[in-house]
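Visitor: Take a look at the following structure, please.
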Amino acid sequence: MTEAIKPVLQANRLVKRYGRVTAMDHADFELYPGEILAVIGDNGAGKSTMVKSLCGAVVPDEGEILLDGQPVHFTTPIDARDKGIEIVYQNLALSPALSIADNLFLGRELYRGGVLGKAFNMLDKRRMKAFAREKLTELGLLTIQNIDQLVETLSGGQRQGVAVARAAAFATKFVIMDEPTAALGVKESRRVLELIKDVQARGMPIVLISHNMPHVFEVADRIHIHRLGRRHAVVRSDDISMSDAVAIMTGALEPPEEVARPAGATLH
Amino acid sequence: MTDQSGTGDPKREMQDFEKVLDQSATEVASFDDHDTSLVGRIHHILHANPTWVPVIVLLISIAVFGTIANNFFTPFNISLIIQQVTIIGILGVAQTLIILTAGIDLSVAAIMVFCSVIMGKLAVNFGVPTPVAIMAGFAVGAICGAINGFLVTRFRLPPFIVTLGTWSIFFALNLWYSESQSIRSQDIDAAAPMLKWFGERVDLFGFIFTTGSFLMLFLFALFWYLLNWTPWGRHVYAVGDDAEAAGLSGIRVNRVLASVYVVGGFLCALGAWVAIGRVGSVSPQSFQEGNLDSITAVVIGGCSLFGGRGSIIGTLIGALIVGVFRSGLNLTGVEVLWQEFAVGLLIIIAVAIDQWLRKVSA
């Protein structure tokens, strides 16, 4: 390896206070190319504040965020999205009364070429449908027969699939997934886990927030353990047992000194 | 960890209890029509195409009234229905936009009457050039809508309460500015005939239309296009469907909401110009029932009051259904009070059908 691997996203000493409550207390974070990084932590550990500050939903009071080494300041999730960061929200953020294709392009519609697009803002429905069909096929989701189908007619797992496909289709840097299996049954969880691996296999780094330890250990390369508002430890999922990870997360076990990083990785 | 004593590495693999998934059924969900009864099939078809409901109701009511009222199909009567529907139709376009965002606007007719008073007074009493007076009316309509939109988006007040309040406020301003005086038709003819443009008659195939009816049809076509073929239209639906999800998808929810109220106010002002042509005079007391009539048209047209669902063409059909009912009952000699009764029934039946169709079990 001639060149060191550098983080896609690196956050240094982020602080967020709400009145007297410090939700984020000098938290660090790194995401490396091509990996699945799980973020775990107890309720109230501040992991969601941290992840929200990475995607613009929360603006940190202090600290810096580097995207590919460049400092960024997101004030809305749209800022983050414009930089190629996509989020799959726990509630999916889909519009049930709109079609799959409409949902995929919500907020970033394609226009027709020429006068129709420029003067009349006309949507290019054909191109959007073709793109949606292509993306869903790539991820093996075309048990959904009709791209014009309304999202409300889909099952929970299929909706999750549409949300993941949307994120995977438009992300250029990385995807954040918030509890993607929390609301799903056994079989649908399995499909979504396979989907997450598929997205990773296409080279896209993923931040996975989950309380489900078996799922975390199955898909994650590294696990970021958040505790008391800061990064408590980062471990490789192959090097640790689930019970030790939970013990570190809850403070029952001292965390390892060193932050686990991919081989040859450095910081910016 | 105890479960690590098993064979191989438990990580990277599916859980034991998941192993049986390989043998499980592979189809994702079966959507076969187990309900093959006639009602079940009708339910299924109408669920997929909700706009057909008002179309069918319209066709049935035309057929029924055409049979029992013998002068229903005369060109005169058809023309009259269309003329009567014009104003409510235009207000209905505004109302549809707002109801699609899960809002409601009780002030549409108040804005319209206020704007017609402004246009009339400026042009007739103050001698302002008519185009300028009309522009002033448009501006006031848009400002009234902007006030509604501002209160709804900035202060997060429910649209029902906001427009209930502004309904009274705009109506009071209208009485104050007009000094409760009507403007007579002759005075308009003398000073500002342009105000009556949309009352001009157009003879076509023996039917008498007004230019206002064509404007109404144009507005329906225009907003059908905007709602279905532009990002703004898709965003209106998305915001009404689930505002939070729309916001997370990158839609500027407040901007969409505010735009809908401003456009709605402007449409009311356009309605004001048409109304002057239709009525001939300007009366600050007119169209008091217009607020609710526009909501009636939208609801009968199949729009959901919960937002996100419905079509603008449905509103046109809804307005026509009300027009056909009123005219048909009138021709068969039914008293006005029973016409009101029938329209009331129609609303309740329309909403009941809507609820029945929304059942996703279809």
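Labels used: A, B, ... for chains in the order of the structure tokens, numbers from 1 for residues in each chain, and numbers from 1 for ligands as shown.
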Run DSSP on the backbone of this structure and report the residues of region 288-352 of chain B it assigns to alpha helix (DSSP H), as a PyMOL selection string.
Guide: chain B and resi 290-300+312-331+336-352
Visitor: Any chance you could export the current selection's C-alpha atoms as a PDB file, in the first residue's frame?
Guide:
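Output (out.pdb):
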ATOM      1  CA  GLY B 290     -68.780  30.461  -1.145  1.00  0.00           C
ATOM      2  CA  ASN B 291     -66.334  29.327   1.550  1.00  0.00           C
ATOM      3  CA  LEU B 292     -68.240  26.218   2.383  1.00  0.00           C
ATOM      4  CA  ASP B 293     -69.383  25.574  -1.207  1.00  0.00           C
ATOM      5  CA  SER B 294     -65.761  25.412  -2.326  1.00  0.00           C
ATOM      6  CA  ILE B 295     -65.002  22.893   0.429  1.00  0.00           C
ATOM      7  CA  THR B 296     -68.062  20.901  -0.621  1.00  0.00           C
ATOM      8  CA  ALA B 297     -66.826  20.713  -4.208  1.00  0.00           C
ATOM      9  CA  VAL B 298     -63.388  19.549  -3.089  1.00  0.00           C
ATOM     10  CA  VAL B 299     -64.755  16.920  -0.718  1.00  0.00           C
ATOM     11  CA  ILE B 300     -67.323  15.555  -3.152  1.00  0.00           C
ATOM     12  CA  ILE B 312     -57.868  18.626  -8.966  1.00  0.00           C
ATOM     13  CA  ILE B 313     -60.055  17.194 -11.714  1.00  0.00           C
ATOM     14  CA  GLY B 314     -62.128  15.633  -8.929  1.00  0.00           C
ATOM     15  CA  THR B 315     -62.873  19.141  -7.685  1.00  0.00           C
ATOM     16  CA  LEU B 316     -64.167  20.195 -11.109  1.00  0.00           C
ATOM     17  CA  ILE B 317     -66.403  17.112 -11.145  1.00  0.00           C
ATOM     18  CA  GLY B 318     -67.431  17.811  -7.540  1.00  0.00           C
ATOM     19  CA  ALA B 319     -68.445  21.355  -8.432  1.00  0.00           C
ATOM     20  CA  LEU B 320     -70.379  20.043 -11.444  1.00  0.00           C
ATOM     21  CA  ILE B 321     -72.157  17.462  -9.271  1.00  0.00           C
ATOM     22  CA  VAL B 322     -73.361  20.206  -6.926  1.00  0.00           C
ATOM     23  CA  GLY B 323     -74.403  22.308  -9.943  1.00  0.00           C
ATOM     24  CA  VAL B 324     -76.286  19.402 -11.522  1.00  0.00           C
ATOM     25  CA  PHE B 325     -78.030  18.569  -8.245  1.00  0.00           C
ATOM     26  CA  ARG B 326     -79.107  22.158  -7.629  1.00  0.00           C
ATOM     27  CA  SER B 327     -80.313  22.603 -11.202  1.00  0.00           C
ATOM     28  CA  GLY B 328     -82.024  19.215 -11.401  1.00  0.00           C
ATOM     29  CA  LEU B 329     -83.830  19.612  -8.100  1.00  0.00           C
ATOM     30  CA  ASN B 330     -84.777  23.136  -9.112  1.00  0.00           C
ATOM     31  CA  LEU B 331     -86.258  21.983 -12.413  1.00  0.00           C
ATOM     32  CA  VAL B 336     -84.463  25.355  -2.056  1.00  0.00           C
ATOM     33  CA  LEU B 337     -84.358  24.018   1.476  1.00  0.00           C
ATOM     34  CA  TRP B 338     -84.497  20.437   0.202  1.00  0.00           C
ATOM     35  CA  GLN B 339     -81.750  21.264  -2.284  1.00  0.00           C
ATOM     36  CA  GLU B 340     -79.583  22.205   0.679  1.00  0.00           C
ATOM     37  CA  PHE B 341     -80.645  18.980   2.367  1.00  0.00           C
ATOM     38  CA  ALA B 342     -79.556  16.977  -0.686  1.00  0.00           C
ATOM     39  CA  VAL B 343     -76.173  18.696  -0.905  1.00  0.00           C
ATOM     40  CA  GLY B 344     -75.629  17.945   2.780  1.00  0.00           C
ATOM     41  CA  LEU B 345     -76.381  14.270   2.204  1.00  0.00           C
ATOM     42  CA  LEU B 346     -74.052  14.284  -0.768  1.00  0.00           C
ATOM     43  CA  ILE B 347     -71.150  15.512   1.358  1.00  0.00           C
ATOM     44  CA  ILE B 348     -71.640  12.845   3.985  1.00  0.00           C
ATOM     45  CA  ILE B 349     -72.010  10.083   1.400  1.00  0.00           C
ATOM     46  CA  ALA B 350     -68.918  11.308  -0.442  1.00  0.00           C
ATOM     47  CA  VAL B 351     -66.798  11.198   2.693  1.00  0.00           C
ATOM     48  CA  ALA B 352     -68.211   7.797   3.672  1.00  0.00           C
TER      49      ALA B 352
END
Visitor: Hey, what's within 6 Å of region 95-112 of chain B if we count only C-alpha atoms and toss same-chain stuff fewer than 3 positions away? As a JSON list (two decimals) with C-alpha atoms, in the first residue's frame, please?
Guide:
[["chain", "number", "residue", "atom", "x", "y", "z"],
["B", 92, "GLY", "CA", -62.33, 25.17, -5.57],
["B", 115, "CYS", "CA", -60.85, 41.81, -3.81],
["B", 159, "PRO", "CA", -55.22, 26.32, 9.28],
["B", 160, "PHE", "CA", -58.83, 25.88, 10.39],
["B", 163, "THR", "CA", -58.74, 31.02, 8.36],
["B", 164, "LEU", "CA", -61.73, 31.08, 10.69],
["B", 167, "TRP", "CA", -62.56, 35.01, 7.37],
["B", 170, "PHE", "CA", -61.28, 40.04, 5.75],
["B", 171, "PHE", "CA", -65.06, 40.29, 5.80],
["B", 236, "VAL", "CA", -47.65, 19.83, -2.34],
["B", 239, "VAL", "CA", -46.21, 17.90, 2.40],
["B", 240, "GLY", "CA", -49.88, 17.07, 2.84],
["B", 268, "CYS", "CA", -59.48, 34.16, -5.12],
["B", 269, "ALA", "CA", -58.66, 37.57, -6.60],
["B", 272, "ALA", "CA", -63.24, 38.20, -7.86],
["B", 290, "GLY", "CA", -68.78, 30.46, -1.14],
["B", 291, "ASN", "CA", -66.33, 29.33, 1.55],
["B", 298, "VAL", "CA", -63.39, 19.55, -3.09],
["B", 305, "LEU", "CA", -59.29, 16.35, 4.27],
["B", 306, "PHE", "CA", -56.28, 14.67, 5.85],
["B", 307, "GLY", "CA", -54.15, 15.83, 2.92],
["B", 308, "GLY", "CA", -51.98, 14.26, 0.26]]
Visitor: Which residue out of B:Leu226, B:Cys303, B:Val152, B:Val55 has the minimum interatomic distance to chain A when only C-alpha atoms are used?
Guide: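 Residue with the minimum atom-to-atom distance to chain A: B:Leu226.
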Visitor: Please tabulate, as JSON lines, the residues of chain A that come within 6 Å of chain B, each with its closest pair of atoms and the distance in Å to one decimal, counting only C-alpha atoms and ordering rows by chain, then residue number upward.
Guide:
{"residue": "A:Ile78", "atom": "CA", "partner": "B:Gly250", "partner_atom": "CA", "distance": 5.5}
{"residue": "A:Ala93", "atom": "CA", "partner": "B:Ala245", "partner_atom": "CA", "distance": 3.9}
{"residue": "A:Leu94", "atom": "CA", "partner": "B:Ala245", "partner_atom": "CA", "distance": 5.7}
{"residue": "A:Ser95", "atom": "CA", "partner": "B:Ala238", "partner_atom": "CA", "distance": 5.8}
{"residue": "A:Gly107", "atom": "CA", "partner": "B:Ile251", "partner_atom": "CA", "distance": 5.3}
{"residue": "A:Asn121", "atom": "CA", "partner": "B:Thr230", "partner_atom": "CA", "distance": 5.6}
{"residue": "A:Met122", "atom": "CA", "partner": "B:Thr230", "partner_atom": "CA", "distance": 5.2}
{"residue": "A:Leu123", "atom": "CA", "partner": "B:Trp229", "partner_atom": "CA", "distance": 5.4}
{"residue": "A:Phe217", "atom": "CA", "partner": "B:Lys11", "partner_atom": "CA", "distance": 5.6}
{"residue": "A:Glu218", "atom": "CA", "partner": "B:Arg12", "partner_atom": "CA", "distance": 4.3}
{"residue": "A:Ser243", "atom": "CA", "partner": "B:Met1", "partner_atom": "CA", "distance": 5.9}
Visitor: Contacts of Ile65 (chain A) at 12 Å or less, counting only C-alpha atoms, minus same-chain residues fewer than 3 places along, as a PyMOL selection string?
Guide: chain A and resi 7-15+27-31+50-51+53-56+59-62+68-74+80+268
Visitor: Can you spit out the residues from that selection as an mmCIF file, in the first residue's frame, using N, CA and C atoms?
Guide:
data_model
loop_
_atom_site.group_PDB
_atom_site.id
_atom_site.type_symbol
_atom_site.label_atom_id
_atom_site.label_comp_id
_atom_site.auth_asym_id
_atom_site.auth_seq_id
_atom_site.Cartn_x
_atom_site.Cartn_y
_atom_site.Cartn_z
ATOM 1 N N PRO A 7 -9.771 8.799 6.588
ATOM 2 C CA PRO A 7 -11.211 8.704 6.827
ATOM 3 C C PRO A 7 -12.021 9.459 5.769
ATOM 4 N N VAL A 8 -13.176 8.894 5.413
ATOM 5 C CA VAL A 8 -14.140 9.622 4.589
ATOM 6 C C VAL A 8 -14.663 10.792 5.402
ATOM 7 N N LEU A 9 -14.968 10.465 6.644
ATOM 8 C CA LEU A 9 -15.484 11.495 7.537
ATOM 9 C C LEU A 9 -14.733 11.401 8.856
ATOM 10 N N GLN A 10 -14.284 12.549 9.313
ATOM 11 C CA GLN A 10 -13.603 12.587 10.597
ATOM 12 C C GLN A 10 -14.181 13.746 11.394
ATOM 13 N N ALA A 11 -14.599 13.455 12.620
ATOM 14 C CA ALA A 11 -15.115 14.513 13.484
ATOM 15 C C ALA A 11 -14.218 14.603 14.701
ATOM 16 N N ASN A 12 -13.832 15.833 15.052
ATOM 17 C CA ASN A 12 -12.915 16.019 16.169
ATOM 18 C C ASN A 12 -13.569 16.826 17.276
ATOM 19 N N ARG A 13 -13.620 16.242 18.432
ATOM 20 C CA ARG A 13 -13.996 16.933 19.668
ATOM 21 C C ARG A 13 -15.278 17.753 19.512
ATOM 22 N N LEU A 14 -16.351 17.066 19.090
ATOM 23 C CA LEU A 14 -17.643 17.744 18.938
ATOM 24 C C LEU A 14 -18.300 17.943 20.301
ATOM 25 N N VAL A 15 -18.862 19.127 20.489
ATOM 26 C CA VAL A 15 -19.564 19.434 21.736
ATOM 27 C C VAL A 15 -20.945 19.961 21.391
ATOM 28 N N ALA A 27 -16.786 14.614 21.502
ATOM 29 C CA ALA A 27 -16.885 13.316 20.843
ATOM 30 C C ALA A 27 -16.045 13.299 19.563
ATOM 31 N N ASP A 28 -15.343 12.183 19.365
ATOM 32 C CA ASP A 28 -14.592 11.970 18.117
ATOM 33 C C ASP A 28 -15.297 10.898 17.306
ATOM 34 N N PHE A 29 -15.020 10.927 16.004
ATOM 35 C CA PHE A 29 -15.678 9.949 15.132
ATOM 36 C C PHE A 29 -14.868 9.817 13.854
ATOM 37 N N GLU A 30 -14.705 8.573 13.404
ATOM 38 C CA GLU A 30 -14.074 8.385 12.096
ATOM 39 C C GLU A 30 -14.794 7.293 11.334
ATOM 40 N N LEU A 31 -14.958 7.533 10.044
ATOM 41 C CA LEU A 31 -15.523 6.513 9.163
ATOM 42 C C LEU A 31 -14.545 6.331 8.002
ATOM 43 N N MET A 50 -24.794 12.786 18.199
ATOM 44 C CA MET A 50 -23.569 12.788 17.407
ATOM 45 C C MET A 50 -23.860 12.511 15.935
ATOM 46 N N VAL A 51 -24.666 11.460 15.697
ATOM 47 C CA VAL A 51 -24.933 11.110 14.307
ATOM 48 C C VAL A 51 -25.701 12.233 13.615
ATOM 49 N N SER A 53 -25.379 15.340 14.227
ATOM 50 C CA SER A 53 -24.465 16.438 13.913
ATOM 51 C C SER A 53 -23.610 16.100 12.687
ATOM 52 N N LEU A 54 -23.473 14.816 12.382
ATOM 53 C CA LEU A 54 -22.711 14.438 11.182
ATOM 54 C C LEU A 54 -23.522 14.681 9.916
ATOM 55 N N CYS A 55 -24.855 14.735 10.053
ATOM 56 C CA CYS A 55 -25.663 14.881 8.846
ATOM 57 C C CYS A 55 -26.441 16.192 8.851
ATOM 58 N N GLY A 56 -26.083 17.121 9.727
ATOM 59 C CA GLY A 56 -26.670 18.452 9.640
ATOM 60 C C GLY A 56 -27.950 18.652 10.424
ATOM 61 N N VAL A 59 -26.527 21.120 14.897
ATOM 62 C CA VAL A 59 -25.316 21.896 14.637
ATOM 63 C C VAL A 59 -24.492 21.904 15.919
ATOM 64 N N PRO A 60 -23.289 21.301 15.905
ATOM 65 C CA PRO A 60 -22.496 21.243 17.137
ATOM 66 C C PRO A 60 -22.017 22.621 17.569
ATOM 67 N N ASP A 61 -21.852 22.788 18.900
ATOM 68 C CA ASP A 61 -21.377 24.071 19.426
ATOM 69 C C ASP A 61 -19.881 24.235 19.194
ATOM 70 N N GLU A 62 -19.149 23.126 19.318
ATOM 71 C CA GLU A 62 -17.702 23.182 19.143
ATOM 72 C C GLU A 62 -17.263 21.973 18.330
ATOM 73 N N ASP A 68 -13.701 14.046 3.681
ATOM 74 C CA ASP A 68 -12.548 13.863 2.808
ATOM 75 C C ASP A 68 -11.457 14.885 3.111
ATOM 76 N N GLY A 69 -11.280 15.184 4.391
ATOM 77 C CA GLY A 69 -10.219 16.100 4.790
ATOM 78 C C GLY A 69 -10.585 17.573 4.736
ATOM 79 N N GLN A 70 -11.730 17.880 4.137
ATOM 80 C CA GLN A 70 -12.138 19.281 4.030
ATOM 81 C C GLN A 70 -13.128 19.620 5.143
ATOM 82 N N PRO A 71 -12.911 20.736 5.844
ATOM 83 C CA PRO A 71 -13.877 21.111 6.888
ATOM 84 C C PRO A 71 -15.251 21.421 6.273
ATOM 85 N N VAL A 72 -16.293 20.923 6.909
ATOM 86 C CA VAL A 72 -17.655 21.203 6.430
ATOM 87 C C VAL A 72 -18.487 21.714 7.595
ATOM 88 N N HIS A 73 -19.482 22.535 7.294
ATOM 89 C CA HIS A 73 -20.402 23.029 8.319
ATOM 90 C C HIS A 73 -21.818 22.823 7.810
ATOM 91 N N PHE A 74 -22.459 21.769 8.296
ATOM 92 C CA PHE A 74 -23.833 21.510 7.868
ATOM 93 C C PHE A 74 -24.793 22.195 8.831
ATOM 94 N N ALA A 80 -25.977 18.395 4.044
ATOM 95 C CA ALA A 80 -25.216 17.143 4.057
ATOM 96 C C ALA A 80 -25.538 16.334 2.808
ATOM 97 N N HIS A 268 -6.552 12.488 9.237
ATOM 98 C CA HIS A 268 -6.207 13.657 8.435
ATOM 99 C C HIS A 268 -5.319 14.578 9.241
#
Visitor: Determine, counting only C-alpha atoms, which protein, DNA and RNA residues have an atom within 10 Å of an atom of Leu150 (chain A); residues of the same chain fewer than 6 positions away are not included. Present the result as a short mmCIF file (atom, residue, chain, number, x, y, z; two decimals) with C-alpha atoms, in the first residue's frame.
Guide:
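In the end it all went to part.cif:
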data_model
loop_
_atom_site.label_atom_id
_atom_site.label_comp_id
_atom_site.auth_asym_id
_atom_site.auth_seq_id
_atom_site.Cartn_x
_atom_site.Cartn_y
_atom_site.Cartn_z
CA SER A 95 -44.47 9.67 1.46
CA PRO A 96 -47.05 6.84 1.49
CA ALA A 97 -49.44 8.44 -0.99
CA LEU A 98 -46.74 8.92 -3.63
CA SER A 99 -45.30 6.28 -5.94
CA ILE A 100 -41.96 4.55 -5.49
CA ALA A 101 -40.42 6.60 -8.28
CA ASP A 102 -41.81 9.87 -6.87
CA ASN A 103 -40.38 9.00 -3.46
CA ALA B 48 -56.95 1.94 -7.61
#
Visitor: For Pro256 (chain A), work out the shell of residues within 12 Å, counting only C-alpha atoms and skipping chain neighbours fewer than 4 positions away, then give it as an mmCIF file with C-alpha atoms, in the first residue's frame.
Guide:
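Generated file (out.cif):
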data_model
loop_
_atom_site.group_PDB
_atom_site.id
_atom_site.type_symbol
_atom_site.label_atom_id
_atom_site.label_comp_id
_atom_site.auth_asym_id
_atom_site.auth_seq_id
_atom_site.Cartn_x
_atom_site.Cartn_y
_atom_site.Cartn_z
ATOM 1 C CA ILE A 225 -19.116 2.457 21.377
ATOM 2 C CA ARG A 231 -16.450 8.004 22.052
ATOM 3 C CA HIS A 232 -15.725 5.426 24.668
ATOM 4 C CA ALA A 233 -14.051 2.846 22.472
ATOM 5 C CA VAL A 234 -13.802 1.602 18.917
ATOM 6 C CA VAL A 235 -13.384 -2.141 18.499
ATOM 7 C CA ARG A 236 -13.186 -4.550 15.615
ATOM 8 C CA ASP A 239 -11.882 -9.121 18.143
ATOM 9 C CA ILE A 240 -14.557 -8.922 20.775
ATOM 10 C CA ASP A 244 -17.788 -7.657 26.211
ATOM 11 C CA ALA A 245 -19.084 -5.000 23.828
ATOM 12 C CA ALA A 247 -20.052 -4.520 29.104
ATOM 13 C CA ILE A 248 -17.920 -1.712 27.653
ATOM 14 C CA MET A 249 -21.033 0.128 26.537
ATOM 15 C CA ALA A 260 -9.340 0.107 16.326
#
Visitor: To one decimal place, how far is CA of His26 (chain A) from CA of Ser48 (chain A) in Å?
Guide: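 Between these atoms lies a distance of 14.6 Å.
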Visitor: What are the DSSP strand (DSSP E) residues of region 20-245 of chain A, as a PyMOL selection string?
Guide: chain A and resi 21-31+36-41+62-67+70-72+85-88+174-178+206-209+222-227+230-236
Visitor: Go through A:Glu188, A:Glu35, A:Glu258, A:Asp198 one by one, measure the shortest atom-to-atom distance of each to Ala168 (chain A) using only C-alpha atoms, and give the residue with the smallest value.
Guide: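 Smallest separation from Ala168 (chain A) among the options: A:Asp198.
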Visitor: Hey, what's within 10 Å of region 200-215 of chain B if we count only C-alpha atoms and toss same-chain stuff fewer than 5 positions away? As a PyMOL selection string, please?
Guide: chain B and resi 74-80+82-87+89-90+220-221+270-271+273-275+277-278
Visitor: List the spatial neighbours of Met177 (chain A) as a ChimeraX atom specification - criterion: any atom at most 7 Å away, only C-alpha atoms, same-chain residues fewer than 6 positions off excluded.
Guide: /A:87-89,207-209
Visitor: What does the distance between CA of Arg127 (chain A) and CA of Arg112 (chain A) come to in Å, to one decimal place?
Guide: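 Rounded to one decimal, the two atoms are 8.8 Å apart.
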